>>> print(open('start37.pdb').read())   # PDB, C-alpha atoms
ATOM      1  CA  VAL C   1      32.354 -70.151  50.672
ATOM      2  CA  THR C   2      33.676 -68.020  47.811
ATOM      3  CA  LEU C   3      30.458 -66.016  47.403
ATOM      4  CA  SER C   4      30.157 -65.514  51.156
ATOM      5  CA  LEU C   5      33.744 -64.253  51.291
ATOM      6  CA  ILE C   6      33.136 -61.873  48.373
ATOM      7  CA  PHE C   7      30.042 -60.315  49.960
ATOM      8  CA  TYR C   8      31.696 -60.178  53.366
ATOM      9  CA  SER C   9      34.577 -58.253  51.750
ATOM     10  CA  MET C  10      32.107 -55.948  49.983
ATOM     11  CA  GLY C  11      30.552 -55.164  53.365
ATOM     12  CA  VAL C  12      33.964 -54.381  54.827
ATOM     13  CA  GLY C  13      34.643 -51.990  51.946
ATOM     14  CA  THR C  14      31.276 -50.187  51.964
ATOM     15  CA  TYR C  15      30.263 -47.024  53.775
ATOM     16  CA  PHE C  16      26.699 -45.826  54.386
ATOM     17  CA  GLU C  17      26.067 -42.446  55.934
ATOM     18  CA  LYS C  18      23.815 -42.725  58.960
ATOM     19  CA  ASN C  19      20.425 -40.939  59.062
ATOM     20  CA  ARG C  20      19.975 -40.367  55.363
ATOM     21  CA  ASN C  21      16.767 -41.175  53.518
ATOM     22  CA  TYR C  22      18.284 -42.965  50.498
ATOM     23  CA  PRO C  23      15.076 -42.158  48.574
ATOM     24  CA  LEU C  24      15.640 -44.410  45.512
ATOM     25  CA  TYR C  25      16.415 -47.543  47.532
ATOM     26  CA  SER C  26      13.565 -46.843  49.925
ATOM     27  CA  PHE C  27      11.143 -46.269  47.050
ATOM     28  CA  LEU C  28      12.126 -49.513  45.304
ATOM     29  CA  LEU C  29      11.892 -51.507  48.522
ATOM     30  CA  THR C  30       8.490 -50.027  49.371
ATOM     31  CA  ILE C  31       7.088 -50.656  45.870
ATOM     32  CA  THR C  32       8.396 -54.234  45.799
ATOM     33  CA  SER C  33       6.914 -55.076  49.202
ATOM     34  CA  LEU C  34       3.609 -53.428  48.250
ATOM     35  CA  TRP C  35       3.537 -55.378  44.957
ATOM     36  CA  VAL C  36       3.990 -58.683  46.782
ATOM     37  CA  PHE C  37       1.214 -57.796  49.219
ATOM     38  CA  LEU C  38      -1.237 -56.639  46.527
ATOM     39  CA  SER C  39      -0.577 -59.758  44.426
ATOM     40  CA  PHE C  40      -2.452 -61.682  47.107
ATOM     41  CA  PHE C  41      -5.633 -59.791  46.150
ATOM     42  CA  TYR C  42      -5.009 -59.087  42.425
ATOM     43  CA  PRO C  43      -3.998 -62.197  40.418
ATOM     44  CA  ASN C  44      -2.584 -60.147  37.543
ATOM     45  CA  LEU C  45       0.165 -58.933  39.862
ATOM     46  CA  ASN C  46       1.029 -62.479  40.960
ATOM     47  CA  TYR C  47       4.834 -62.605  40.830
ATOM     48  CA  GLN C  48       4.813 -66.302  41.783
ATOM     49  CA  ASN C  49       3.008 -67.374  38.605
ATOM     50  CA  ASN C  50       2.334 -64.413  36.368
ATOM     51  CA  LEU C  51       1.228 -66.678  33.479
ATOM     52  CA  LEU C  52      -1.431 -68.171  35.786
ATOM     53  CA  VAL C  53      -0.505 -71.700  34.702
ATOM     54  CA  ASP C  54      -2.479 -74.377  36.536
ATOM     55  CA  TYR C  55       0.028 -76.347  38.609
ATOM     56  CA  GLU C  56       0.858 -77.036  42.211
ATOM     57  CA  TYR C  57       3.674 -75.167  43.980
ATOM     58  CA  SER C  58       5.623 -78.414  44.360
ATOM     59  CA  GLU C  59       5.651 -78.848  40.575
ATOM     60  CA  VAL C  60       7.220 -75.455  39.888
ATOM     61  CA  MET C  61      10.938 -75.184  39.261
ATOM     62  CA  LEU C  62      11.934 -72.790  42.025
ATOM     63  CA  SER C  63      14.308 -70.896  39.737
ATOM     64  CA  SER C  64      11.351 -69.996  37.491
ATOM     65  CA  SER C  65       9.200 -68.495  40.219
ATOM     66  CA  GLY C  66       9.235 -65.351  42.322
ATOM     67  CA  PHE C  67      10.192 -67.447  45.324
ATOM     68  CA  SER C  68      13.634 -68.136  43.785
ATOM     69  CA  LEU C  69      15.100 -70.495  46.394
ATOM     70  CA  GLY C  70      11.717 -70.999  48.044
ATOM     71  CA  ARG C  71       9.166 -68.915  49.895
ATOM     72  CA  THR C  72      11.238 -68.921  53.076
ATOM     73  CA  GLY C  73      14.248 -67.511  51.239
ATOM     74  CA  TRP C  74      11.999 -64.789  49.860
ATOM     75  CA  GLY C  75      10.664 -64.035  53.338
ATOM     76  CA  ILE C  76      14.134 -63.874  54.886
ATOM     77  CA  ALA C  77      15.317 -61.580  52.089
ATOM     78  CA  ILE C  78      12.463 -59.130  52.676
ATOM     79  CA  PHE C  79      13.157 -59.181  56.410
ATOM     80  CA  PHE C  80      16.910 -58.602  56.024
ATOM     81  CA  ILE C  81      16.599 -55.832  53.420
ATOM     82  CA  SER C  82      13.893 -54.065  55.434
ATOM     83  CA  LEU C  83      16.058 -54.030  58.560
ATOM     84  CA  PHE C  84      19.119 -52.949  56.614
ATOM     85  CA  PHE C  85      17.502 -49.784  55.298
ATOM     86  CA  ILE C  86      15.590 -49.110  58.514
ATOM     87  CA  ASN C  87      19.022 -48.863  60.160
ATOM     88  CA  PHE C  88      20.159 -46.019  57.897
ATOM     89  CA  LEU C  89      16.968 -44.098  57.164
ATOM     90  CA  LYS C  90      16.274 -40.787  58.879
ATOM     91  CA  SER C  91      12.490 -40.689  58.582
ATOM     92  CA  ASN C  92      10.687 -42.643  61.314
ATOM     93  CA  LEU C  93       7.549 -42.658  59.158
ATOM     94  CA  LEU C  94       9.437 -44.268  56.280
ATOM     95  CA  LYS C  95      10.987 -46.813  58.643
ATOM     96  CA  THR C  96       7.521 -47.753  59.918
ATOM     97  CA  ILE C  97       6.085 -48.057  56.400
ATOM     98  CA  ILE C  98       8.944 -50.290  55.252
ATOM     99  CA  PHE C  99       8.646 -52.523  58.320
ATOM    100  CA  ILE C 100       4.857 -52.907  58.028
ATOM    101  CA  LEU C 101       4.859 -53.495  54.265
ATOM    102  CA  GLY C 102       7.753 -55.932  54.614
ATOM    103  CA  PHE C 103       5.867 -57.890  57.236
ATOM    104  CA  LEU C 104       2.643 -57.923  55.183
ATOM    105  CA  SER C 105       4.463 -59.099  52.057
ATOM    106  CA  VAL C 106       6.101 -61.922  54.029
ATOM    107  CA  CYS C 107       2.687 -62.956  55.380
ATOM    108  CA  THR C 108       1.155 -63.096  51.899
ATOM    109  CA  THR C 109       3.920 -65.416  50.647
ATOM    110  CA  GLY C 110       3.137 -67.841  53.468
ATOM    111  CA  SER C 111       6.756 -67.716  54.620
ATOM    112  CA  ARG C 112       6.564 -68.972  58.191
ATOM    113  CA  GLY C 113      10.286 -68.329  58.585
ATOM    114  CA  GLY C 114       9.906 -64.699  57.563
ATOM    115  CA  GLU C 115       6.874 -64.274  59.816
ATOM    116  CA  LEU C 116       8.835 -65.701  62.765
ATOM    117  CA  TYR C 117      11.770 -63.345  62.192
ATOM    118  CA  PHE C 118       9.556 -60.251  62.041
ATOM    119  CA  PHE C 119       7.839 -61.436  65.224
ATOM    120  CA  LEU C 120      11.209 -61.943  66.951
ATOM    121  CA  SER C 121      12.375 -58.502  65.840
ATOM    122  CA  ILE C 122       9.281 -56.867  67.368
ATOM    123  CA  LEU C 123       9.928 -58.628  70.675
ATOM    124  CA  PHE C 124      13.596 -57.636  70.494
ATOM    125  CA  TYR C 125      12.792 -53.966  69.910
ATOM    126  CA  ILE C 126      10.275 -53.951  72.757
ATOM    127  CA  GLY C 127      12.695 -55.646  75.143
ATOM    128  CA  TYR C 128      15.561 -53.341  74.223
ATOM    129  CA  TYR C 129      13.950 -49.911  74.010
ATOM    130  CA  LEU C 130      11.245 -50.049  76.693
ATOM    131  CA  LYS C 131      12.768 -49.589  80.136
ATOM    132  CA  ASP C 132       9.670 -49.593  82.322
ATOM    133  CA  LEU C 133       8.941 -53.226  83.261
ATOM    134  CA  LYS C 134       5.160 -52.781  83.487
ATOM    135  CA  VAL C 135       4.962 -51.096  80.089
ATOM    136  CA  LYS C 136       7.244 -53.760  78.628
ATOM    137  CA  ILE C 137       5.030 -56.584  79.949
ATOM    138  CA  LEU C 138       1.914 -54.804  78.648
ATOM    139  CA  PHE C 139       3.387 -54.555  75.148
ATOM    140  CA  PHE C 140       4.552 -58.177  75.201
ATOM    141  CA  VAL C 141       1.043 -59.332  76.151
ATOM    142  CA  ALA C 142      -0.523 -57.136  73.444
ATOM    143  CA  ILE C 143       1.823 -58.511  70.781
ATOM    144  CA  PHE C 144       1.145 -62.129  71.771
ATOM    145  CA  LEU C 145      -2.619 -61.506  71.744
ATOM    146  CA  PHE C 146      -2.345 -59.879  68.319
ATOM    147  CA  PHE C 147      -0.416 -62.786  66.830
ATOM    148  CA  GLY C 148      -2.754 -65.219  68.570
ATOM    149  CA  TYR C 149      -5.651 -63.547  66.788
ATOM    150  CA  ILE C 150      -3.799 -63.799  63.472
ATOM    151  CA  TYR C 151      -3.130 -67.497  64.067
ATOM    152  CA  PHE C 152      -6.759 -68.380  64.762
ATOM    153  CA  SER C 153      -8.323 -66.107  62.122
ATOM    154  CA  LEU C 154      -5.787 -66.309  59.268
ATOM    155  CA  GLY C 155      -3.881 -69.485  60.141
ATOM    156  CA  GLU C 156      -4.674 -71.354  56.937
ATOM    157  CA  VAL C 157      -3.790 -68.425  54.693
ATOM    158  CA  LEU C 158      -0.443 -67.935  56.441
ATOM    159  CA  ARG C 159       0.367 -71.687  56.535
ATOM    160  CA  LEU C 160       0.276 -71.632  60.333
ATOM    161  CA  SER C 161      -2.491 -74.173  60.851
ATOM    162  CA  ASN C 162      -4.048 -77.256  59.234
ATOM    163  CA  ASN C 163      -0.679 -78.504  57.982
ATOM    164  CA  ASP C 164       0.152 -82.205  57.849
ATOM    165  CA  ASP C 165       3.503 -81.399  59.399
ATOM    166  CA  PHE C 166       3.734 -77.893  60.843
ATOM    167  CA  PHE C 167       7.478 -78.283  61.449
ATOM    168  CA  ASN C 168       8.073 -79.322  57.824
ATOM    169  CA  GLY C 169      10.782 -81.851  58.586
ATOM    170  CA  ARG C 170      12.545 -79.879  61.297
ATOM    171  CA  ILE C 171      11.978 -82.627  63.836
ATOM    172  CA  ILE C 172      13.370 -85.969  62.712
ATOM    173  CA  SER C 173      14.636 -88.982  64.596
ATOM    174  CA  GLY C 174      18.106 -88.868  66.137
ATOM    175  CA  GLU C 175      18.941 -92.180  64.513
ATOM    176  CA  VAL C 176      18.727 -90.714  61.006
ATOM    177  CA  VAL C 177      20.892 -87.732  61.972
ATOM    178  CA  TYR C 178      23.456 -90.007  63.599
ATOM    179  CA  ARG C 179      23.702 -92.244  60.527
ATOM    180  CA  LEU C 180      24.090 -89.290  58.193
ATOM    181  CA  LEU C 181      26.737 -87.681  60.392
ATOM    182  CA  THR C 182      28.830 -90.833  60.713
ATOM    183  CA  ASP C 183      28.645 -92.019  57.102
ATOM    184  CA  HIS C 184      31.107 -90.167  54.820
ATOM    185  CA  PHE C 185      32.315 -88.250  57.870
ATOM    186  CA  LEU C 186      35.398 -86.662  56.273
ATOM    187  CA  PHE C 187      34.197 -85.701  52.802
ATOM    188  CA  GLY C 188      30.412 -85.630  53.152
ATOM    189  CA  TYR C 189      27.617 -86.956  50.985
ATOM    190  CA  TYR C 190      28.430 -84.654  48.047
ATOM    191  CA  SER C 191      31.423 -86.898  47.436
ATOM    192  CA  VAL C 192      28.984 -89.704  46.577
ATOM    193  CA  GLY C 193      26.320 -87.636  44.830
ATOM    194  CA  GLY C 194      24.455 -86.044  47.743
ATOM    195  CA  TYR C 195      21.873 -87.229  50.238
ATOM    196  CA  SER C 196      18.094 -87.226  50.618
ATOM    197  CA  LEU C 197      16.017 -87.929  53.690
ATOM    198  CA  ASP C 198      13.604 -89.769  51.407
ATOM    199  CA  SER C 199      16.094 -92.639  51.492
ATOM    200  CA  PHE C 200      15.359 -93.026  55.214
ATOM    201  CA  GLY C 201      11.590 -92.840  54.875
ATOM    202  CA  VAL C 202      11.373 -89.388  56.438
ATOM    203  CA  GLY C 203       9.679 -87.743  53.474
ATOM    204  CA  TYR C 204      11.816 -84.581  53.259
ATOM    205  CA  ASN C 205      14.909 -83.882  51.226
ATOM    206  CA  GLU C 206      17.166 -82.093  53.685
ATOM    207  CA  ILE C 207      17.604 -81.693  57.423
ATOM    208  CA  HIS C 208      16.142 -78.341  58.475
ATOM    209  CA  ASN C 209      19.231 -77.333  60.400
ATOM    210  CA  ALA C 210      21.907 -75.456  58.464
ATOM    211  CA  TRP C 211      24.806 -76.648  60.636
ATOM    212  CA  LEU C 212      23.935 -80.332  60.356
ATOM    213  CA  ASN C 213      22.926 -80.024  56.702
ATOM    214  CA  PHE C 214      26.204 -78.381  55.703
ATOM    215  CA  PHE C 215      28.271 -80.875  57.693
ATOM    216  CA  ILE C 216      26.451 -83.847  56.177
ATOM    217  CA  LYS C 217      26.871 -82.455  52.659
ATOM    218  CA  TYR C 218      30.568 -81.549  52.860
ATOM    219  CA  GLY C 219      31.910 -83.538  55.792
ATOM    220  CA  LEU C 220      34.430 -82.460  58.393
ATOM    221  CA  LEU C 221      37.045 -81.239  55.901
ATOM    222  CA  GLY C 222      34.539 -79.201  53.901
ATOM    223  CA  SER C 223      32.737 -77.707  56.903
ATOM    224  CA  ILE C 224      35.663 -76.445  58.968
ATOM    225  CA  PRO C 225      36.566 -73.502  56.634
ATOM    226  CA  MET C 226      32.974 -72.203  56.550
ATOM    227  CA  PHE C 227      32.391 -72.582  60.285
ATOM    228  CA  LEU C 228      35.710 -70.883  61.086
ATOM    229  CA  PHE C 229      34.896 -68.073  58.657
ATOM    230  CA  LEU C 230      31.573 -67.427  60.405
ATOM    231  CA  GLY C 231      33.266 -67.525  63.810
ATOM    232  CA  TYR C 232      35.871 -65.015  62.599
ATOM    233  CA  GLY C 233      33.146 -62.639  61.387
ATOM    234  CA  LEU C 234      31.181 -62.854  64.630
ATOM    235  CA  LYS C 235      34.238 -62.409  66.832
ATOM    236  CA  GLY C 236      34.198 -59.077  68.582
ATOM    237  CA  ILE C 237      31.257 -57.415  66.812
ATOM    238  CA  PHE C 238      29.187 -57.316  70.024
ATOM    239  CA  HIS C 239      31.841 -55.691  72.221
ATOM    240  CA  ASN C 240      31.025 -52.063  71.459
ATOM    241  CA  LYS C 241      27.746 -51.327  73.290
ATOM    242  CA  LYS C 242      27.300 -47.864  71.775
ATOM    243  CA  TYR C 243      27.800 -49.131  68.225
ATOM    244  CA  PHE C 244      25.373 -51.962  68.963
ATOM    245  CA  LYS C 245      22.729 -49.496  70.152
ATOM    246  CA  ASP C 246      23.207 -47.165  67.172
ATOM    247  CA  ASN C 247      22.939 -50.014  64.662
ATOM    248  CA  LEU C 248      20.431 -52.288  66.340
ATOM    249  CA  SER C 249      18.702 -53.243  63.087
ATOM    250  CA  LEU C 250      21.962 -54.439  61.542
ATOM    251  CA  TYR C 251      22.763 -56.518  64.588
ATOM    252  CA  LEU C 252      19.268 -57.952  64.475
ATOM    253  CA  ILE C 253      20.001 -59.234  60.954
ATOM    254  CA  ILE C 254      22.936 -61.181  62.391
ATOM    255  CA  ILE C 255      21.063 -62.398  65.484
ATOM    256  CA  VAL C 256      18.012 -63.588  63.558
ATOM    257  CA  GLY C 257      20.270 -64.979  60.829
ATOM    258  CA  ILE C 258      21.919 -67.218  63.414
ATOM    259  CA  VAL C 259      18.488 -68.217  64.761
ATOM    260  CA  SER C 260      17.488 -69.211  61.225
ATOM    261  CA  THR C 261      20.369 -71.703  60.994
ATOM    262  CA  PHE C 262      18.544 -73.954  63.454
ATOM    263  CA  LEU C 263      15.288 -73.844  61.460
ATOM    264  CA  GLU C 264      16.287 -73.915  57.785
ATOM    265  CA  PRO C 265      18.456 -76.336  55.757
ATOM    266  CA  GLU C 266      20.822 -73.815  54.161
ATOM    267  CA  THR C 267      20.940 -70.504  56.001
ATOM    268  CA  VAL C 268      23.497 -69.051  56.350
ATOM    269  CA  PHE C 269      25.702 -71.589  54.607
ATOM    270  CA  SER C 270      24.535 -71.240  51.032
ATOM    271  CA  TYR C 271      24.415 -68.836  48.096
ATOM    272  CA  GLY C 272      20.883 -67.384  48.101
ATOM    273  CA  TYR C 273      20.500 -63.622  47.832
ATOM    274  CA  HIS C 274      19.021 -63.454  51.348
ATOM    275  CA  ILE C 275      22.110 -65.240  52.675
ATOM    276  CA  LEU C 276      24.485 -62.899  50.863
ATOM    277  CA  ILE C 277      22.769 -59.950  52.593
ATOM    278  CA  PHE C 278      23.678 -61.617  55.891
ATOM    279  CA  TRP C 279      27.374 -61.898  54.946
ATOM    280  CA  PHE C 280      27.465 -58.335  53.587
ATOM    281  CA  THR C 281      26.033 -57.030  56.878
ATOM    282  CA  LEU C 282      28.440 -59.144  58.912
ATOM    283  CA  GLY C 283      31.361 -57.685  56.956
ATOM    284  CA  TYR C 284      30.019 -54.157  57.427
ATOM    285  CA  LEU C 285      29.723 -54.628  61.197
ATOM    286  CA  SER C 286      33.123 -56.285  61.428
ATOM    287  CA  LYS C 287      34.771 -53.259  59.840
ATOM    288  CA  ASN C 288      32.954 -50.710  61.960
ATOM    289  CA  LYS C 289      32.816 -52.574  65.286
ATOM    290  CA  THR C 290      35.272 -50.169  66.953
ATOM    291  CA  CYS C 291      33.713 -46.959  65.637
TER     292      CYS C 291
END
>>> encode(input="start37.pdb", output="structure tokens")
Amino acid sequence: VTLSLIFYSMGVGTYFEKNRNYPLYSFLLTITSLWVFLSFFYPNLNYQNNLLVDYEYSEVMLSSSGFSLGRTGWGIAIFFISLFFINFLKSNLLKTIIFILGFLSVCTTGSRGGELYFFLSILFYIGYYLKDLKVKILFFVAIFLFFGYIYFSLGEVLRLSNNDDFFNGRIISGEVVYRLLTDHFLFGYYSVGGYSLDSFGVGYNEIHNAWLNFFIKYGLLGSIPMFLFLGYGLKGIFHNKKYFKDNLSLYLIIIVGIVSTFLEPETVFSYGYHILIFWFTLGYLSKNKTC
């Protein structure tokens, strides 16, 4: 809660001039995304395991790898940062390069969350900017065919097919959720040392739903401040249609961030760098919502 509040306040206190190129930031973002993508083809650039030690991903301490809090966190971070700078850059060419390289780097990490958010953003842009219904339908069909081709031709590489559990613990029985929600209702499972779904024979550590996961960890008394804080930040930021249109990429960070809460165990109620970008953006939009 403290870190989220700090970054929210930083967003409120920050000003970015619209339609500037911000060359240093853009250069660093482009190089980083390109590095991640090229590491898929050149092992010496492998940021995940630059010592090339022979071990499985599950055996790696996440803090010692390029994934930090996991490949999905990495994918969300790339998505959020790409959209943030796309919002302020003047050059359409640079915006396109950053978006494409960001998407490619997310694909090479196997971050299904990041891939989903880029896919949703494409659909959002098409639906918002294209006014002609026939053209809009044509683009939607083309995008779905393109991603269908990717699924069938590169599904294994992108972790989209041949998985034991494609949903990775996102679908679990209601009985387990009910038991976790009712036990330690006020103070949560952290008051007794935490919880693990392994105890219920599910085979995954945490519920892949940020709202339920946070509530189960901290209980009613611990969850209310964070949920109210998020509600306060979201209140009113969608009222100004012109500001929404002029800063669509920033709003997309918030929209997709909320979508991610139903698919991941900790977004946006945690402390990862990708999550702090969300709170910074929310603070920035909250300050400027009436501009």
>>> closest_residue(input="start37.pdb", among="C:Tyr190, C:Tyr8, C:Tyr195, C:Tyr251", to="Gly222 of chain C", atoms="all atoms listed in the file")
C:Tyr190
>>> closest_residue(input="start37.pdb", among="C:Asn87, C:Thr182, C:Thr14, C:Ser33", to="Asp246 of chain C", atoms="only C-alpha atoms")
C:Asn87
>>> resolve_selection(input="start37.pdb", expression="the PyMOL selection byres ((chain C and resi 212-217) around 6)", output="number ranges by chain")
C: 181, 188-190, 207, 209-211, 218-219, 223, 265
>>> resolve_selection(input="start37.pdb", expression="the PyMOL selection byres ((chain C and resi 115-120) around 9)", output="ChimeraX atom specification")
/C:75-76,79,99,102-104,106-107,110-114,121-125,143,147,158,256-257,259-260
>>> residues_around(input="start37.pdb", residues="Asn205 of chain C", least_positions_apart="6", cutoff="9 Å", atoms="only C-alpha atoms", output="PyMOL selection string")
chain C and resi 169+195-199
